[in-house]
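To keep things clear, I will list the structure first and then write my remarks on it.
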Amino acid sequence: MEPVLSRKVRLQLHETLDATGRLDRSGVRSVQLAVAETLAEDRESLPEVYAFATSVIRDAPNREEVLAQVARATGTRLRVLSGEEEARLAYVAARQWAGARAGSLLVLDIGGGTVEIASGTSKQPRTTLSLPLGARTVTRDWKLDEAVSSKRRLAEVRDHLSDRLAEVADLPRAEPDGRVLACSKTFTQLARYTTAGRERSRAPQRLTLDDVRAAVGVLAKNGSVGRGRLPGISRHRAGQSLAGALVAEALMEACRATSVEISPWSTREGLLLERLGALRTKKSAHR
C-alpha cells in the first residue's frame, strides 16, 4: 500500500487547552481552517473523505461543541474513535504490515493523550486497551518539558507509570515466540535518536529497552530546546520527548519486552485497510 498524497498541518492543539482540557476559540478555529483547507484542495481527487479526531478533541469537555462548529463551517463532521477502537485499528495495520506468517503480536502505540495496547494471534486482536498515559499527558502532569536534574523526580515518574500499569489486570505480555511492534511517532523518534550515525541509509527497524533507558538519561539533562537539537528528535515533539521515553520504558518493562520492531503503520492505515476491504467486498457482491 503506497500513499499517493500526504499533507500535514501542525495545529499544536494541546497548547490551546485550558485548565479543564477544553479547546479555546483559537484551537477550534485552527481545526476548522485546517479541515476547510484540506477539503478545498483535495475534494476533486478524493471520492470519499473519512475525517476523524483523536485524543485532544475526543477527551475535551467541549467536544460536541467543537465537532458541531467544524461541521457547520466545513460541511464535514469529524468522527471520534474511542481509545479501544484506535488500539484495534493499530493492531489491524500492524498485523497486515508484519505479514501473513506473523504469529502472536503485541502492538504498542504511544499517543499524545493516551497509550493504546493490543494483542492477539489472528486478524483481529484478542485484547485492546487505552490508558491515559500519553506523552503529552505525562509531560503536563509532571512538568517534564524542561530539564529534570533530580534523580528523585525521575524515580517518582517511573514509579507512577509502573504503578499505573501494574493496576491493569489484563495487560498483555510479550510471548516468547511472538513479536512486539511499536507503531507511533514516539517510538519512531526514539529509534531514530538511538540509531543516529548507525543506520543513516534507512529507517530504524528496532528499538531496545536498554537504548530507551539510555535515552531517558540524555533527554532529562536537556530542556525542550536542547532536546530539539539532538539527532532524530524533532523540534515540535522535543518538549514531550522525555515523557514519551519514560512511557516507552515503562510499557516495555510492564509488557516484558526487551525490544520492539518499528512499524510504520498505525491507526490511520488500519482504518484505510478496513475501508478498502469493505469496498472490495461490495464490488465482489455486485458482480
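By convention in this document, the chains of the C-alpha cells carry letters A, B, ... by their order, each chain's residues are numbered from 1, and ligands are numbered from 1 in the order they are shown.
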
For region 174-188 of chain A, please output as a ChimeraX atom specification all residues within 7 Å (counting only C-alpha atoms; exclusion window: fewer than 6 positions along the same chain). /A:103-111,244,255-257,260-266

Can you tell me, as a ChimeraX atom specification, what residues are no more than 10 Å from Thr38 (chain A) when counting only C-alpha atoms, ignoring any on the same chain fewer than 6 positions away? /A:7-9

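When the distance limit is 9 Å and only C-alpha atoms are what count, the residues near Asp210 (chain A), minus those fewer than 6 positions from it on the same chain, are Glu249, Thr258 and Ser259 of chain A.
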
May I have a table of the residues of region 2-45 of chain A lying at most 12 Å from region 140-158 of chain A, giving each one's closest pair of atoms and their distance in Å to one decimal, counting only C-alpha atoms, ordered by chain and ascending residue number, as a tab-separated table?
```
residue	atom	partner	partner_atom	distance
A:His14	CA	A:Arg140	CA	9.7
A:Glu15	CA	A:Arg140	CA	10.6
A:Leu17	CA	A:Arg140	CA	11.2
A:Asp18	CA	A:Arg140	CA	11.9
A:Ala19	CA	A:Arg140	CA	10.7
A:Gly21	CA	A:Arg140	CA	11.2
```

Pull N, CA and C atoms from the residues just selected and write them as an mmCIF file, in the first residue's frame.
```
data_model
loop_
_atom_site.group_PDB
_atom_site.id
_atom_site.type_symbol
_atom_site.label_atom_id
_atom_site.label_comp_id
_atom_site.auth_asym_id
_atom_site.auth_seq_id
_atom_site.Cartn_x
_atom_site.Cartn_y
_atom_site.Cartn_z
ATOM 1 N N HIS A 14 -2.739 20.978 21.784
ATOM 2 C CA HIS A 14 -2.551 20.883 23.236
ATOM 3 C C HIS A 14 -2.214 22.242 23.851
ATOM 4 N N GLU A 15 -1.674 23.158 23.032
ATOM 5 C CA GLU A 15 -1.345 24.482 23.540
ATOM 6 C C GLU A 15 -2.572 25.379 23.645
ATOM 7 N N LEU A 17 -5.477 24.230 25.007
ATOM 8 C CA LEU A 17 -6.347 23.675 26.049
ATOM 9 C C LEU A 17 -6.285 24.530 27.305
ATOM 10 N N ASP A 18 -7.444 24.763 27.922
ATOM 11 C CA ASP A 18 -7.430 25.490 29.191
ATOM 12 C C ASP A 18 -7.214 24.508 30.338
ATOM 13 N N ALA A 19 -7.345 24.973 31.564
ATOM 14 C CA ALA A 19 -7.049 24.146 32.731
ATOM 15 C C ALA A 19 -7.984 22.944 32.856
ATOM 16 N N GLY A 21 -9.122 21.280 30.171
ATOM 17 C CA GLY A 21 -8.978 20.431 28.998
ATOM 18 C C GLY A 21 -9.835 20.829 27.824
#
```

Non-local contacts of Val66 (chain A) (7 Å; only C-alpha atoms; under 4 positions in same chain excluded) as a ChimeraX atom specification: /A:28,62,70
